[in-house]
Amino acid sequence: MLYTYQLQTKKEHFHDITKQVQDAVKESGVEEGTCLVFCPHTTAAITINENADPDVVSDLLVGIEKAFPDRREFRHFEGNSAAHLKASCVGASETLVISQEKLLLGTWQGIYFCEFDGPRNRTFYVKIT
Ligand code: ZN
């Protein structure tokens, strides 16, 4: 089963999509399998990290910004090379295990759509097999 979701993002932001992915798994009826979450954009990404303390994703954004600042040497005409770098380093997808009709996530883990060049209308896919 393939599920498609639309999202309106902020400038730079980690959007918690755990509930949507969990609901897709439930709706699919798959008891044991895998779930792929995929971002079809070049300046956004998917990651899994802590969803208990919101300061964690806030700190991730600060750390990623420090690691990949905008640079004068960048040549890309659009002027958003730092966002492309961030997206590539975080990655376009995550694969999760489905066990007993649920995502096998750790207690503190959540799934995030990571926006690095918003605000934009974005899409992500959830493929369940
Ligand atoms: Zn670009």
# chains A, B, ... in the order shown; residues from 1 in each chain; ligands from 1

$ residues_around --residues "Gln109 in chain A" --least-positions-apart "4" --cutoff "9 Å" --atoms "only C-alpha atoms" --output "list in words"
Thr18, Ile48, Asn49, Glu50, Asn51, Ala52 and Leu105 of chain A

$ closest_atom_pairs --of "chain A" --to "ligand 1" --cutoff "7 Å" --atoms "only C-alpha atoms and all ligand atoms" --output "CSV"
residue,atom,partner,partner_atom_place_in_ligand_line,distance
A:His76,CA,ligand 1,1 (Zn),6.6
A:Glu78,CA,ligand 1,1 (Zn),4.9
A:Gly79,CA,ligand 1,1 (Zn),6.5
A:Asn80,CA,ligand 1,1 (Zn),5.0
A:Ser81,CA,ligand 1,1 (Zn),5.9
A:His84,CA,ligand 1,1 (Zn),6.5

$ residues_around --residues "Glu32 in chain A" --least-positions-apart "2" --cutoff "9 Å" --atoms "only C-alpha atoms" --output "PyMOL selection string"
chain A and resi 30+34+97-102+129

$ write_last_selection --atoms "all heavy atoms" --output "CSV table (one decimal), in the first residue's frame"
chain,number,residue,atom,x,y,z
A,30,VAL,N,-1.5,-4.5,7.7
A,30,VAL,CA,-0.3,-5.4,7.7
A,30,VAL,C,0.1,-5.7,9.1
A,30,VAL,O,0.3,-4.8,9.9
A,30,VAL,CB,0.9,-4.7,6.9
A,30,VAL,CG1,2.2,-5.4,7.0
A,30,VAL,CG2,0.5,-4.6,5.4
A,34,THR,N,7.3,-4.1,6.6
A,34,THR,CA,8.2,-3.0,6.7
A,34,THR,C,7.4,-1.8,6.2
A,34,THR,O,6.5,-1.9,5.4
A,34,THR,CB,9.5,-3.1,5.9
A,34,THR,OG1,9.1,-3.5,4.5
A,34,THR,CG2,10.4,-4.2,6.5
A,97,VAL,N,10.3,-1.1,11.1
A,97,VAL,CA,9.7,-2.5,11.2
A,97,VAL,C,8.3,-2.4,11.7
A,97,VAL,O,8.0,-1.7,12.7
A,97,VAL,CB,10.6,-3.3,12.1
A,97,VAL,CG1,10.0,-4.7,12.3
A,97,VAL,CG2,12.0,-3.4,11.6
A,98,ILE,N,7.4,-3.2,11.1
A,98,ILE,CA,6.0,-3.4,11.6
A,98,ILE,C,5.9,-4.7,12.3
A,98,ILE,O,6.3,-5.7,11.7
A,98,ILE,CB,5.0,-3.3,10.4
A,98,ILE,CG1,5.1,-2.0,9.7
A,98,ILE,CG2,3.6,-3.5,11.0
A,98,ILE,CD1,4.3,-1.9,8.4
A,99,SER,N,5.5,-4.7,13.5
A,99,SER,CA,5.4,-5.9,14.3
A,99,SER,C,4.0,-5.8,15.0
A,99,SER,O,3.8,-4.8,15.7
A,99,SER,CB,6.5,-6.0,15.3
A,99,SER,OG,6.3,-7.2,16.1
A,100,GLN,N,3.2,-6.8,14.9
A,100,GLN,CA,1.9,-6.9,15.5
A,100,GLN,C,1.1,-5.6,15.2
A,100,GLN,O,0.5,-5.0,16.1
A,100,GLN,CB,2.1,-7.1,17.1
A,100,GLN,CG,2.7,-8.4,17.4
A,100,GLN,CD,3.0,-8.6,18.9
A,100,GLN,OE1,3.0,-7.7,19.7
A,100,GLN,NE2,3.3,-9.8,19.2
A,101,GLU,N,1.1,-5.3,13.9
A,101,GLU,CA,0.3,-4.1,13.4
A,101,GLU,C,0.8,-2.8,13.9
A,101,GLU,O,0.0,-1.8,13.8
A,101,GLU,CB,-1.2,-4.3,13.7
A,101,GLU,CG,-1.8,-5.5,12.9
A,101,GLU,CD,-3.3,-5.6,13.2
A,101,GLU,OE1,-4.0,-4.7,12.8
A,101,GLU,OE2,-3.7,-6.6,13.7
A,102,LYS,N,2.0,-2.7,14.5
A,102,LYS,CA,2.5,-1.4,15.0
A,102,LYS,C,3.9,-1.2,14.6
A,102,LYS,O,4.7,-2.1,14.3
A,102,LYS,CB,2.5,-1.5,16.6
A,102,LYS,CG,1.1,-1.3,17.1
A,102,LYS,CD,1.1,-1.2,18.6
A,102,LYS,CE,-0.3,-1.2,19.2
A,102,LYS,NZ,-0.4,-2.0,20.5
A,129,THR,N,4.7,-2.7,3.2
A,129,THR,CA,4.7,-4.0,2.5
A,129,THR,C,4.8,-5.1,3.6
A,129,THR,O,5.2,-4.9,4.7
A,129,THR,CB,5.9,-4.1,1.6
A,129,THR,OG1,7.1,-3.7,2.3
A,129,THR,CG2,5.7,-3.3,0.4

$ select_by_dssp --residues "range 46-105 of chain A" --states "alpha helix (DSSP H)" --output "JSON, numbers by chain"
{"A": [54, 55, 56, 57, 58, 59, 60, 61, 62, 63, 64, 65, 66, 67, 81, 82, 83, 84, 85, 86, 87, 88, 89, 90]}

$ closest_atom_pairs --of "range 70-104 of chain A" --to "range 113-127 of chain A" --cutoff "10 Å" --atoms "only C-alpha atoms" --output "Markdown table"
| residue | atom | partner | partner_atom | distance |
| --- | --- | --- | --- | --- |
| A:Asn80 | CA | A:Asp117 | CA | 7.3 |
| A:Ser81 | CA | A:Asp117 | CA | 9.8 |
| A:Ala82 | CA | A:Phe116 | CA | 8.4 |
| A:Ala83 | CA | A:Phe116 | CA | 5.1 |
| A:His84 | CA | A:Phe116 | CA | 8.0 |
| A:Leu85 | CA | A:Phe116 | CA | 9.5 |
| A:Lys86 | CA | A:Phe116 | CA | 7.1 |
| A:Ala87 | CA | A:Phe116 | CA | 7.1 |
| A:Val90 | CA | A:Cys114 | CA | 8.5 |
| A:Gly91 | CA | A:Cys114 | CA | 9.6 |
| A:Ala92 | CA | A:Phe113 | CA | 9.4 |
| A:Ser93 | CA | A:Tyr125 | CA | 9.3 |
| A:Glu94 | CA | A:Val126 | CA | 9.8 |
| A:Thr95 | CA | A:Lys127 | CA | 9.4 |

$ write_last_selection --atoms "N, CA, C and O atoms" --output "PDB file, in the first residue's frame"
ATOM      1  N   ASN A  80      20.312  28.129  -2.379  1.00  0.00           N
ATOM      2  CA  ASN A  80      19.908  27.335  -1.216  1.00  0.00           C
ATOM      3  C   ASN A  80      20.752  26.053  -1.076  1.00  0.00           C
ATOM      4  O   ASN A  80      20.239  25.000  -0.675  1.00  0.00           O
ATOM      5  N   SER A  81      22.021  26.154  -1.403  1.00  0.00           N
ATOM      6  CA  SER A  81      22.895  24.979  -1.333  1.00  0.00           C
ATOM      7  C   SER A  81      23.012  24.409   0.070  1.00  0.00           C
ATOM      8  O   SER A  81      23.137  23.189   0.232  1.00  0.00           O
ATOM      9  N   ALA A  82      22.984  25.274   1.078  1.00  0.00           N
ATOM     10  CA  ALA A  82      23.062  24.767   2.455  1.00  0.00           C
ATOM     11  C   ALA A  82      21.881  23.830   2.732  1.00  0.00           C
ATOM     12  O   ALA A  82      22.055  22.778   3.356  1.00  0.00           O
ATOM     13  N   ALA A  83      20.711  24.187   2.225  1.00  0.00           N
ATOM     14  CA  ALA A  83      19.523  23.335   2.413  1.00  0.00           C
ATOM     15  C   ALA A  83      19.689  22.007   1.676  1.00  0.00           C
ATOM     16  O   ALA A  83      19.299  20.950   2.185  1.00  0.00           O
ATOM     17  N   HIS A  84      20.281  22.036   0.473  1.00  0.00           N
ATOM     18  CA  HIS A  84      20.534  20.792  -0.265  1.00  0.00           C
ATOM     19  C   HIS A  84      21.496  19.899   0.524  1.00  0.00           C
ATOM     20  O   HIS A  84      21.306  18.684   0.612  1.00  0.00           O
ATOM     21  N   LEU A  85      22.547  20.505   1.088  1.00  0.00           N
ATOM     22  CA  LEU A  85      23.528  19.760   1.893  1.00  0.00           C
ATOM     23  C   LEU A  85      22.870  19.092   3.091  1.00  0.00           C
ATOM     24  O   LEU A  85      23.094  17.915   3.371  1.00  0.00           O
ATOM     25  N   LYS A  86      22.070  19.866   3.793  1.00  0.00           N
ATOM     26  CA  LYS A  86      21.388  19.348   4.988  1.00  0.00           C
ATOM     27  C   LYS A  86      20.491  18.174   4.604  1.00  0.00           C
ATOM     28  O   LYS A  86      20.476  17.143   5.285  1.00  0.00           O
ATOM     29  N   ALA A  87      19.739  18.326   3.519  1.00  0.00           N
ATOM     30  CA  ALA A  87      18.813  17.273   3.085  1.00  0.00           C
ATOM     31  C   ALA A  87      19.569  15.993   2.746  1.00  0.00           C
ATOM     32  O   ALA A  87      19.154  14.896   3.132  1.00  0.00           O
ATOM     33  N   VAL A  90      20.934  14.321   6.052  1.00  0.00           N
ATOM     34  CA  VAL A  90      19.900  13.700   6.893  1.00  0.00           C
ATOM     35  C   VAL A  90      19.284  12.498   6.163  1.00  0.00           C
ATOM     36  O   VAL A  90      19.023  11.464   6.782  1.00  0.00           O
ATOM     37  N   GLY A  91      19.080  12.628   4.871  1.00  0.00           N
ATOM     38  CA  GLY A  91      18.594  11.493   4.079  1.00  0.00           C
ATOM     39  C   GLY A  91      17.135  11.608   3.700  1.00  0.00           C
ATOM     40  O   GLY A  91      16.338  12.204   4.420  1.00  0.00           O
ATOM     41  N   ALA A  92      16.785  10.996   2.573  1.00  0.00           N
ATOM     42  CA  ALA A  92      15.431  11.133   2.006  1.00  0.00           C
ATOM     43  C   ALA A  92      14.427  10.133   2.564  1.00  0.00           C
ATOM     44  O   ALA A  92      13.235  10.240   2.286  1.00  0.00           O
ATOM     45  N   SER A  93      14.889   9.144   3.329  1.00  0.00           N
ATOM     46  CA  SER A  93      13.933   8.127   3.789  1.00  0.00           C
ATOM     47  C   SER A  93      14.356   7.470   5.096  1.00  0.00           C
ATOM     48  O   SER A  93      15.511   7.571   5.515  1.00  0.00           O
ATOM     49  N   GLU A  94      13.389   6.798   5.691  1.00  0.00           N
ATOM     50  CA  GLU A  94      13.640   5.932   6.855  1.00  0.00           C
ATOM     51  C   GLU A  94      12.825   4.663   6.630  1.00  0.00           C
ATOM     52  O   GLU A  94      11.710   4.720   6.108  1.00  0.00           O
ATOM     53  N   THR A  95      13.377   3.543   7.060  1.00  0.00           N
ATOM     54  CA  THR A  95      12.663   2.274   6.980  1.00  0.00           C
ATOM     55  C   THR A  95      12.382   1.793   8.394  1.00  0.00           C
ATOM     56  O   THR A  95      13.272   1.789   9.240  1.00  0.00           O
TER      57      THR A  95
END

$ closest_residue --among "A:Gln22, A:Gln8, A:Ile17, A:Val62" --to "Tyr112 in chain A" --atoms "only C-alpha atoms"
A:Ile17

$ atom_distance --atom1 "CA of Glu65 in chain A" --atom2 "CA of Phe38 in chain A"
22.5 Å

$ select_by_dssp --residues "chain A" --states "strand (DSSP E or B)" --output "number ranges by chain"
A: 2-8, 13-16, 33-38, 44-50, 93-99, 102-103, 109-115, 121-128

$ atom_distance --atom1 "CA of Pro69 in chain A" --atom2 "CA of Asp16 in chain A"
24.1 Å

$ closest_residue --among "A:Val57, A:Ala44, A:Ile128, A:Leu96" --to "Thr9 in chain A" --atoms "only C-alpha atoms"
A:Ala44

$ closest_residue --among "A:Leu7, A:Val21, A:Cys89, A:Val56" --to "Cys35 in chain A" --atoms "only C-alpha atoms"
A:Val21
